[in-house]
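Peer 1: Handing you this structure, nothing more for now.
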There are 2 protein chains.
Amino acid sequence: MLFTLLHSGQISPAPTKSSLPISTQIPSTEVVQQTPSGVKDRGVTTSELHVNRQPVKSESFFRSCEVFMSSQMSDGNMSPKITGELLRHLRQVMKNCKCVSEPLQAYIVPSGDAHQSEYIAPCDCRREFICGFNGSAGTAIVTEQYAAMWTDGRYFLQATQQMDNNWTLMRMGLKETPSQEDWLISVLPENSKVGVDPWIIAADQWKAMSKALTSAGHSLIAVQENLIDVVWSDRPQRPSTQLRTLGLDYTGMSWQDKITALRAKMTERKMSWFIATALDEIAWLFNLRGADIEYNPVFFAYTIVGINTIRLFVDIKRLADPSLREHLQLDMPSKPEFDIQTFPYESVFTELQAICAALGPKDKVWICDKASCALTQVIPQAHRSPIPYTPLCLAKAVKNTTEIQGMRTAHIKDAVALCDLFAWLEKEIPKGTVTEISAADKAEELRSQQKHFVGLSFPTISSVGPNAAIIHYRPLPETNRTLTINEVYLIDSGAQYIDGTTDVTRTMHFGTPSAYEKECFTYVLKGHIAVSAAIFPNGTKGHLLDSFARAALWESGLDYLHGTGHGVGCFLNVHEGPCGISYKTFADEPLEAGMIVSDEPGYYEDGAFGIRLENVVLVVPTKPKYNYRNRGSLTFEPLTLVPIQVKMMNTELLTQKERDWVNEYHRTCREVVGAELERQDRKEALEWLVRETQPIV
Amino acid sequence: MLFTLLHSGQISPAPTKSSLPISTQIPSTEVVQQTPSGVKDRGVTTSELHVNRQPVKSESFFRSCEVFMSSQMSDGNMSPKITGELLRHLRQVMKNCKCVSEPLQAYIVPSGDAHQSEYIAPCDCRREFICGFNGSAGTAIVTEQYAAMWTDGRYFLQATQQMDNNWTLMRMGLKETPSQEDWLISVLPENSKVGVDPWIIAADQWKAMSKALTSAGHSLIAVQENLIDVVWSDRPQRPSTQLRTLGLDYTGMSWQDKITALRAKMTERKMSWFIATALDEIAWLFNLRGADIEYNPVFFAYTIVGINTIRLFVDIKRLADPSLREHLQLDMPSKPEFDIQTFPYESVFTELQAICAALGPKDKVWICDKASCALTQVIPQAHRSPIPYTPLCLAKAVKNTTEIQGMRTAHIKDAVALCDLFAWLEKEIPKGTVTEISAADKAEELRSQQKHFVGLSFPTISSVGPNAAIIHYRPLPETNRTLTINEVYLIDSGAQYIDGTTDVTRTMHFGTPSAYEKECFTYVLKGHIAVSAAIFPNGTKGHLLDSFARAALWESGLDYLHGTGHGVGCFLNVHEGPCGISYKTFADEPLEAGMIVSDEPGYYEDGAFGIRLENVVLVVPTKPKYNYRNRGSLTFEPLTLVPIQVKMMNTELLTQKERDWVNEYHRTCREVVGAELERQDRKEALEWLVRETQPIV
């Protein structure tokens with residue numbers, strides 16, 4: 001699943017993940033009940049899946065950005081939320097001395113949670129609650145007189161539809177649109193106080209906003225109680241789903257060994273403490289999974305690791321399960337340094353305060369520079385060592401043998417489901433009964449039949465004809481098109497299995513594609529192959545490979561406005577750092593053998609069709625003819641093994657090398673996935689696979 | 001001429017030009033008399049050229065960086081400078097209340113001048129004067145007890161040879177080497193004062209150093225009088241060479257029109273004042289050239305442009321020439337807004353102070369963020385608008401029709417000289433009488449015969465066999481090798497003509513190259529072509545093209561450790577911003593039609609041979625089949641028209657497209673340069689050209 005990009009034009013100073021706030025898209029006028037996707041072992045029924053797929057339609061987002069001005073199809077509820085009463089209430093609260101130490105002239109409501117998660121839980125959708133706009137990116141600011149909401153070009157239409165006229169839409173990326181700071185300064189009375197929840201705003205964002213306001217005579221105030229929560233009477237509870245333990249056969253490394261490796265890094269960098277705030281890092285560290293946020297098998301927690309201590313902050317009720325207690329050795333730790341002290345989730349602040357009060361003069365505390373302002377500022381500046389990527393983030397990105405094996409297995413199962421889907425589509429589409437939504441449901445149903453299926457890894461993008469040109473499209477009843485033999489079909493989908501996470505995009509035609517569609521598809525394929533087959537020195541950063549994916553498109557004057565690839569977790573988030581392949585160069589640690597990324601160039605013709613080809617690929621060592629300065633070389637090995645439709649190719653545009661790549665790839669699909677299809681006795685899918693993997697000449 | 005790269009391993013926070021200080025290489029134990037290369041219209045004799053080529057051997061350097069650890073051949077004087085007495089004197093001065101307001105415990109001596117020039121004048125070689133080390137990059141720090149000098153891997157050997165044991169070499173890039181800040185903090189007594197000349201240190205460097213020292217209880221002090229100058233009794237004077245005016249037939253735009261365009265930008269950004277500190281920007285703005293710094297036709301000056309005023313700060317003596325006075329309309333300006341007020345060079349500080357004292361509350365002052373700390377800090381922070389690239393830098397980079405025509409003409413003349421050189425070498429090398437130095441001299445002699453020749457644009461890299469593997473090699477008597485028919489010869493050279501600046505590298509064999517040499521050459525050629533023939537959307541940044549130059553090398557496990565291209569001035573500096581082609585991504589404004597950059601991939605085999613292929617290329621619009629979102633496309637057109645030796649190619653490794661490119665390039669060389677060779681009646685060179693441009697099949 002692609003991640004998209006904002007604001008390419010203006011080079012913003014290294015936007016961070018947290019500077020691109022994200023919320024989930026939930027119809028805003030109704031109360032959303034907490035509907036955890038659930039951790040399911042033995043598959044789910046189709047009706048369950050509907051529930052799974054619909055409530056949270058959060059969009060994939062990552063750090064880099066590009067204004068995406070396509071004729072955006074908005075999804076979610078399109079009638080404006082009536083906010084007059086809400087705003088009146090909020091403005092009262094902004095003056096209420098029970099909530100704030102001094103009256104506020106403005107209050108900032110970013111999207112995002114206290115862990116800088118890409119996807120967020122319903123209880124954290126505060127920006128959406130206050131203004132009605134449920135797009136993935138946006139910041140609301142309420143002053144005594146005004147209410148304004150900043151979002152980017154993808155959402156201008158949707159935001160105008162979802163917000164009532166109490167709100168002014170601030171169109172980011174347009175020259176005339178003021179920044180939040182400039183706007184505040186222009187509307188605030190002298191010496192104003194601007195409030196924000198320090199748990200939701202990242203430390204670096206706080207710093208920039210505070211500096212701008214201070215220089216204009218105002219001040220930024222950290223308001224401990226979230227004022228939206230005060231006025232949000234029926235706010236959903238924070239999820240607290242059951243935790244799942246993962247054994248060595250899935251993780252390849254015990255949590256004790258991960259702690260030991262982390263402490264080795266801490267010692268190397270002379271750090272006394274490490275604060276983990278990202279949910280996927282904590283899940284990875286303890287070999288635990290939850291279901292607190294849909295599509296992401298994570299759970300709300302914090303962790304503080306010292307040289308001899310481990311503190312885990314989590315809803316204590318979750319720790320009752322005996323197998324979990326044994327996994328964490330809560331009742332009888334093997335060694336004192338692996339004795340996990342558990343604390344309530346909310347007590348991380350006071351506990352960190354206590355730790356910081358006892359710091360020696362040379363003690364250093366490691367924390368991610370994207371962590372919340374609240375936690376970061378607890379650590380005295382002299383003791384604070386902020387880092388762009390934590391040692392957990394870096395360690396998690398390089399998969400071990402067990403994880404790689406799990407990812408391979410997951411991708412074979414995923415390919416089985418997709419072969420089945422495509423064989424079924426081929427048969428059903430001519431009947432005129434398959435829609436974007438039913439195709440997505442069928443894909444989910446087929447995946448759910450595979451062993452260790454847990455749920456989807458993101459909402460399926462199932463899109464036909466012009467809908468596929470909308471990069472963020474999700475089928476909704478009012479946009480749902482029927483698949484025909486006359487239009488190109490694009491499906492970008494993936495799942496969580498206990499052994500791994502998948503993410504694959506195929507673009508197919510079930511009739512006869514036009515010469516132009518084939519030409520564009522072939523350029524995209526050439527780009528996909530150019531990345532997948534690239535050989536490059538150890539230590540190369542992903543951004544140096546991005547142009548390989550575009551060269552063939554560029555040569556014909558074409559391009560696509562999103563990055564080429566993102567890191568993929570192992571039964572974790574489908575988007576993870578710190579590596580990727582993008583023309584944007586932040587969030588880009590060097591590629592290393594064992595890292596797993598997506599390779600997904602595309603081409604989108606507004607109002608006509610969309611093409612994207614995505615494989616998840618593993619970074620592997622390779623040995624070319626020479627070895628300059630003994631640096632060693634790397635290349636990619638596809639984990640995704642789903643045929644690429646030959647019918648869509650203009651094979652004359654392919655070089656011999658490219659044709660060889662396609663044939664070799666299809667040979668592997670046939671052998672590996674074919675064997676599994678046979679084992680599962682899926683005859684039609686096997687026939688389809690064999691036919692679709694015939695060599696091209 | 002390539003620019004090289006430092007410290008790739010550690011990602012420093014966007015190193016600036018000025019954070020990579022540069023000095024010229026002058027034998028340090030003798031007094032260097034000011035020997036301006038002179039602005040010569042009618043060619044120079046060979047003996048003059050010797051003088052020109054030798055005193056200043058400054059190395060090309062640009063913003064981006066990579067540790068370059070090759071077995072570095074050092075050049076310059078290799079006996080250590082005796083510094084005991086000098087250091088004693090400097091330490092006295094550091095306590096002398098006539099020079100400093102309070103005693104200093106340390107004094108920092110960066111390399112560089114007050115204009116952040118890449119090449120510097122002899123009077124500015126202060127770091128070299130104090131420690132003896134004359135490499136291009138290095139910072140010296142003297143405390144009461146210690147003297148230490150930081151430089152990078154290219155210079156470890158040279159620095160140990162040139163510095164006596166009063167000095168400790170700080171090997172940058174090695175893990176155990178402390179940063180300047182950390183080292184200072186470790187050696188200084190409590191509450192120390194560290195001095196630095198605020199004119200030599202850039203504003204951002206000052207800030208970082210000051211912050212580090214302050215947090216450790218010390219302070220950084222701006223010492224107005226340079227303490228090295230105090231102890232440097234025979235310091236050369238600042239050059240003040242004759243100024244040359246350039247008419248519209250060379251510049252295509254009057255300085256008045258440039259001022260008007262600058263003021264339009266100022267108005268657009270609501271700036272009241274613009275401070276120009278970069279010497280090439282000032283030369284470009286006023287259509288003037290000087291010869292104050294060798295290889296760079298610039299002159300020492302500052303300029304302050306207001307909405308209705310122009311202040312030029314320059315040695316007033318230089319303004320006596322009547323034609324210059326007329327050019328600048330000093331005696332009778334056409335309009336009051338083009339009335340240039342002239343001031344002595346040194347008075348820029350007080351004049352800027354006066355301007356700043358009179359600023360209105362909304363007045364903003366534009367200044368480059370790489371400008372000196374001294375000038376930057378004159379501007380009150382609330383009025384200061386620092387920018388990474390000034391509007392002059394951006395305007396200068398996009399050449400107009402006249403400048404492009406001039407660059408074309410200059411490159412044809414340059415090609416004539418090189419065809420002549422290569423025909424001569426072919427004849428002379430078998431006699432065993434040609435050396436690296438004599439070949440470089442011959443190249444200069446032949447160039448000097450061309451119309452409007454002024455001088456070289458950088459010291460010629462003339463290198464044979466293993467010497468060519470040393471990227472920064474310059475032939476010296478003690479390293480000078482004889483050219484033979486058994487070794488590969490690499491020559492990287494260029495000149496300043498009144499109509500344009502050239503820079504070209506060719507790698508040739510005058511006997512029979514080995515299969516391996518040919519293979520490597522062919523990969524480099526493939527990379528050169530991949531960049532030169534690339535088609536890419538308008539707005540693409542150069543770093544996105546860098547990997548195209550490496551793909552063929554990478555595929556065989558090879559690479560080169562420098563960037564692929566740099567901006568080139570028009571009768572200005574051979575290296576200029578703000579665009580380039582490098583895997584490093586700072587200093588990288590989007591490419592635009594009219595920009596001129598180099599395309600120079602290479603391959604270097606330590607102890608054996610070096611290969612580099614460099615053309616200067618012009619960014620031109622192109623019209624591929626489609627035009628996605630009406631963005632338009634760009635490609636490159638070679639301005640350099642010198643044959644690429646077919647003998648060095650393994651043509652079997654080239655694709656048909658690449659062969660077509662070579663043949664088309666050679667056809668253009670033959671037609672365009674052939675016509676000029678014929679006009680100049682250079683028969684042998686013409687014969688050589690015709691033979692060397694035969695199509696390959």
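Naming works like this for the structure tokens: A, B, ... for the chains as they're shown, residue 1 at the start of each chain, ligands 1 onward in shown order.
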Specify as a count of residues only all residues of chain B found within 8 Å of chain A, counting only C-alpha atoms.

Peer 2: 27

Peer 1: Just list the residues in range 392-585 of chain A DSSP gives alpha helix (DSSP H) on the backbone, as a VMD selection string.

Peer 2: chain A and resid 392 to 397 401 to 428 436 to 448 515 to 532 546 to 555

Peer 1: Quick one: residues within 7 Å of Arg311 in chain B, only C-alpha atoms, excluding same-chain residues fewer than 5 positions away - as a list in words?

Peer 2: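 The filter keeps Thr303, Ile304, Val305, Ile340, Gln341 and Thr342 of chain B.
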
Peer 1: Which residue is closest to Ala675 in chain B? Choose from B:Ser334, B:Tyr523, B:Thr260, B:Lys413 and count only C-alpha atoms.

Peer 2: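 Closest residue, counting only C-alpha atoms: B:Lys413.
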
Peer 1: For the strand (DSSP E) assignment from backbone DSSP, which residues of range 461-659 of chain A qualify? Please present them as a compact mmCIF listing (two decimals) with N, CA and C atoms, in the first residue's frame.

Peer 2:
# COMPACT_ATOMS: atom_id res chain seq x y z
N ILE A 461 -7.74 -1.19 -1.15
CA ILE A 461 -8.03 -0.26 -2.25
C ILE A 461 -8.45 -1.12 -3.43
N SER A 462 -9.74 -1.15 -3.70
CA SER A 462 -10.28 -1.94 -4.80
C SER A 462 -10.93 -0.93 -5.73
N SER A 463 -10.37 -0.75 -6.92
CA SER A 463 -10.79 0.41 -7.71
C SER A 463 -10.73 0.10 -9.19
N VAL A 464 -11.74 0.55 -9.89
CA VAL A 464 -11.82 0.21 -11.30
C VAL A 464 -11.96 1.49 -12.12
N VAL A 488 -9.72 -1.09 -16.57
CA VAL A 488 -8.59 -1.61 -15.80
C VAL A 488 -8.97 -1.66 -14.32
N TYR A 489 -8.58 -2.74 -13.66
CA TYR A 489 -8.88 -2.93 -12.24
C TYR A 489 -7.58 -2.90 -11.44
N LEU A 490 -7.56 -2.10 -10.37
CA LEU A 490 -6.38 -2.00 -9.51
C LEU A 490 -6.77 -2.45 -8.10
N ILE A 491 -6.07 -3.40 -7.56
CA ILE A 491 -6.33 -3.81 -6.17
C ILE A 491 -5.03 -3.79 -5.37
N ASP A 492 -5.05 -2.98 -4.30
CA ASP A 492 -3.91 -2.83 -3.39
C ASP A 492 -4.42 -3.32 -2.04
N SER A 493 -3.87 -4.43 -1.56
CA SER A 493 -4.42 -5.07 -0.37
C SER A 493 -3.34 -5.82 0.38
N ALA A 495 -2.58 -8.27 4.35
CA ALA A 495 -3.14 -8.87 5.56
C ALA A 495 -2.08 -9.01 6.64
N GLN A 496 -2.58 -9.18 7.85
CA GLN A 496 -1.75 -9.56 8.99
C GLN A 496 -1.93 -11.05 9.22
N TYR A 497 -0.84 -11.79 9.16
CA TYR A 497 -0.82 -13.18 9.58
C TYR A 497 0.08 -13.23 10.81
N GLY A 500 3.52 -13.00 9.53
CA GLY A 500 4.02 -11.89 8.73
C GLY A 500 2.93 -10.99 8.19
N THR A 501 3.36 -9.87 7.63
CA THR A 501 2.46 -8.84 7.12
C THR A 501 2.65 -8.75 5.61
N VAL A 504 0.31 -5.93 -1.30
CA VAL A 504 0.57 -6.22 -2.72
C VAL A 504 -0.42 -5.44 -3.58
N THR A 505 0.03 -4.95 -4.71
CA THR A 505 -0.86 -4.28 -5.66
C THR A 505 -0.71 -4.92 -7.03
N ARG A 506 -1.84 -5.27 -7.63
CA ARG A 506 -1.84 -5.74 -9.01
C ARG A 506 -2.86 -4.94 -9.80
N THR A 507 -2.54 -4.73 -11.06
CA THR A 507 -3.42 -4.00 -11.97
C THR A 507 -3.71 -4.93 -13.14
N MET A 508 -4.99 -5.18 -13.39
CA MET A 508 -5.34 -6.20 -14.39
C MET A 508 -6.44 -5.69 -15.32
N HIS A 509 -6.52 -6.33 -16.46
CA HIS A 509 -7.63 -6.07 -17.37
C HIS A 509 -8.26 -7.42 -17.67
N PHE A 536 23.36 -2.43 -5.80
CA PHE A 536 23.86 -1.17 -5.26
C PHE A 536 24.75 -1.47 -4.06
N PRO A 537 25.66 -0.53 -3.73
CA PRO A 537 26.61 -0.83 -2.65
C PRO A 537 25.92 -0.86 -1.29
N GLY A 565 8.53 3.31 -2.30
CA GLY A 565 8.48 2.19 -1.37
C GLY A 565 8.59 2.60 0.08
N HIS A 566 8.10 1.73 0.98
CA HIS A 566 8.13 1.97 2.42
C HIS A 566 8.56 0.69 3.12
N GLY A 567 9.09 0.84 4.32
CA GLY A 567 9.41 -0.33 5.12
C GLY A 567 8.15 -1.09 5.51
N GLU A 576 6.55 1.05 8.16
CA GLU A 576 7.44 1.31 9.28
C GLU A 576 8.73 1.94 8.77
N GLY A 577 9.39 2.66 9.63
CA GLY A 577 10.68 3.25 9.30
C GLY A 577 11.77 2.25 9.60
N PRO A 578 13.00 2.63 9.49
CA PRO A 578 13.47 3.96 9.11
C PRO A 578 13.90 4.02 7.64
N CYS A 579 13.58 2.98 6.85
CA CYS A 579 14.05 2.99 5.47
C CYS A 579 12.87 3.08 4.52
N GLY A 580 13.14 3.38 3.29
CA GLY A 580 12.11 3.51 2.28
C GLY A 580 12.78 3.86 0.97
N ILE A 581 11.95 4.02 -0.07
CA ILE A 581 12.49 4.42 -1.38
C ILE A 581 11.65 5.59 -1.84
N ILE A 596 13.05 -5.02 4.81
CA ILE A 596 11.96 -5.36 3.88
C ILE A 596 11.23 -4.08 3.51
N VAL A 597 11.12 -3.84 2.21
CA VAL A 597 10.45 -2.62 1.73
C VAL A 597 9.49 -2.97 0.60
N SER A 598 8.64 -2.03 0.25
CA SER A 598 7.78 -2.23 -0.92
C SER A 598 8.42 -1.56 -2.13
N ASP A 599 8.05 -2.05 -3.31
CA ASP A 599 8.51 -1.49 -4.59
C ASP A 599 7.24 -1.27 -5.39
N GLY A 602 3.82 3.65 -10.03
CA GLY A 602 2.48 3.67 -10.60
C GLY A 602 2.35 4.71 -11.69
N TYR A 603 1.18 4.76 -12.29
CA TYR A 603 0.85 5.86 -13.19
C TYR A 603 -0.66 6.08 -13.12
N TYR A 604 -1.08 7.33 -13.02
CA TYR A 604 -2.50 7.65 -12.80
C TYR A 604 -2.96 8.68 -13.80
N GLU A 605 -3.96 8.32 -14.57
CA GLU A 605 -4.51 9.23 -15.57
C GLU A 605 -5.88 9.67 -15.07
N PHE A 609 -7.87 5.97 -15.70
CA PHE A 609 -7.43 4.70 -15.12
C PHE A 609 -6.25 4.94 -14.19
N GLY A 610 -5.95 3.93 -13.41
CA GLY A 610 -4.79 3.99 -12.54
C GLY A 610 -4.02 2.68 -12.61
N ILE A 611 -2.71 2.78 -12.53
CA ILE A 611 -1.87 1.59 -12.61
C ILE A 611 -0.90 1.63 -11.44
N ARG A 612 -0.76 0.53 -10.72
CA ARG A 612 0.30 0.43 -9.72
C ARG A 612 0.71 -1.02 -9.64
N ASN A 615 5.30 -5.05 -5.22
CA ASN A 615 5.80 -6.24 -4.52
C ASN A 615 6.45 -5.79 -3.22
N VAL A 616 6.36 -6.64 -2.20
CA VAL A 616 7.20 -6.46 -1.02
C VAL A 616 8.49 -7.22 -1.31
N VAL A 617 9.63 -6.55 -1.09
CA VAL A 617 10.92 -7.14 -1.44
C VAL A 617 11.86 -7.14 -0.24
N LEU A 618 12.71 -8.14 -0.22
CA LEU A 618 13.68 -8.31 0.87
C LEU A 618 15.05 -7.84 0.38
N VAL A 619 15.75 -7.05 1.18
CA VAL A 619 17.11 -6.65 0.82
C VAL A 619 18.04 -7.83 1.08
N VAL A 620 18.77 -8.25 0.04
CA VAL A 620 19.67 -9.42 0.18
C VAL A 620 21.06 -9.06 -0.34
N PRO A 621 22.09 -9.70 0.22
CA PRO A 621 23.44 -9.48 -0.31
C PRO A 621 23.55 -10.12 -1.70
N THR A 622 24.39 -9.55 -2.53
CA THR A 622 24.65 -10.16 -3.84
C THR A 622 26.12 -9.98 -4.17
N SER A 633 27.79 -5.67 -1.99
CA SER A 633 26.65 -5.16 -2.75
C SER A 633 25.35 -5.79 -2.28
N LEU A 634 24.26 -5.10 -2.56
CA LEU A 634 22.93 -5.56 -2.18
C LEU A 634 22.02 -5.57 -3.40
N THR A 635 20.96 -6.35 -3.31
CA THR A 635 19.88 -6.25 -4.28
C THR A 635 18.59 -6.65 -3.57
N PHE A 636 17.51 -6.81 -4.33
CA PHE A 636 16.23 -7.16 -3.73
C PHE A 636 15.78 -8.54 -4.19
N GLU A 637 15.06 -9.22 -3.31
CA GLU A 637 14.43 -10.48 -3.68
C GLU A 637 12.93 -10.31 -3.40
N PRO A 638 12.09 -10.54 -4.42
CA PRO A 638 10.65 -10.36 -4.19
C PRO A 638 10.12 -11.38 -3.19

Peer 1: How many Å separate CA of Leu243 in chain B from CA of Cys123 in chain B?

Peer 2: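 If I compute the distance from CA of Leu243 in chain B to CA of Cys123 in chain B, I get 19.3 Å.
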
Peer 1: What's the 10 Å shell around range 319-332 of chain A, counting only C-alpha atoms, without same-chain residues fewer than 5 positions away, as a list in words?

Peer 2: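 So the residues in contact are Gln242, Leu243, Arg244, Thr245, Leu246, Gly247, Ser254, Trp255, Gln256, Phe286, Asn287, Leu288, Val314, Phe338, Asp339, Ile340, Gln341 and Thr342 of chain A.
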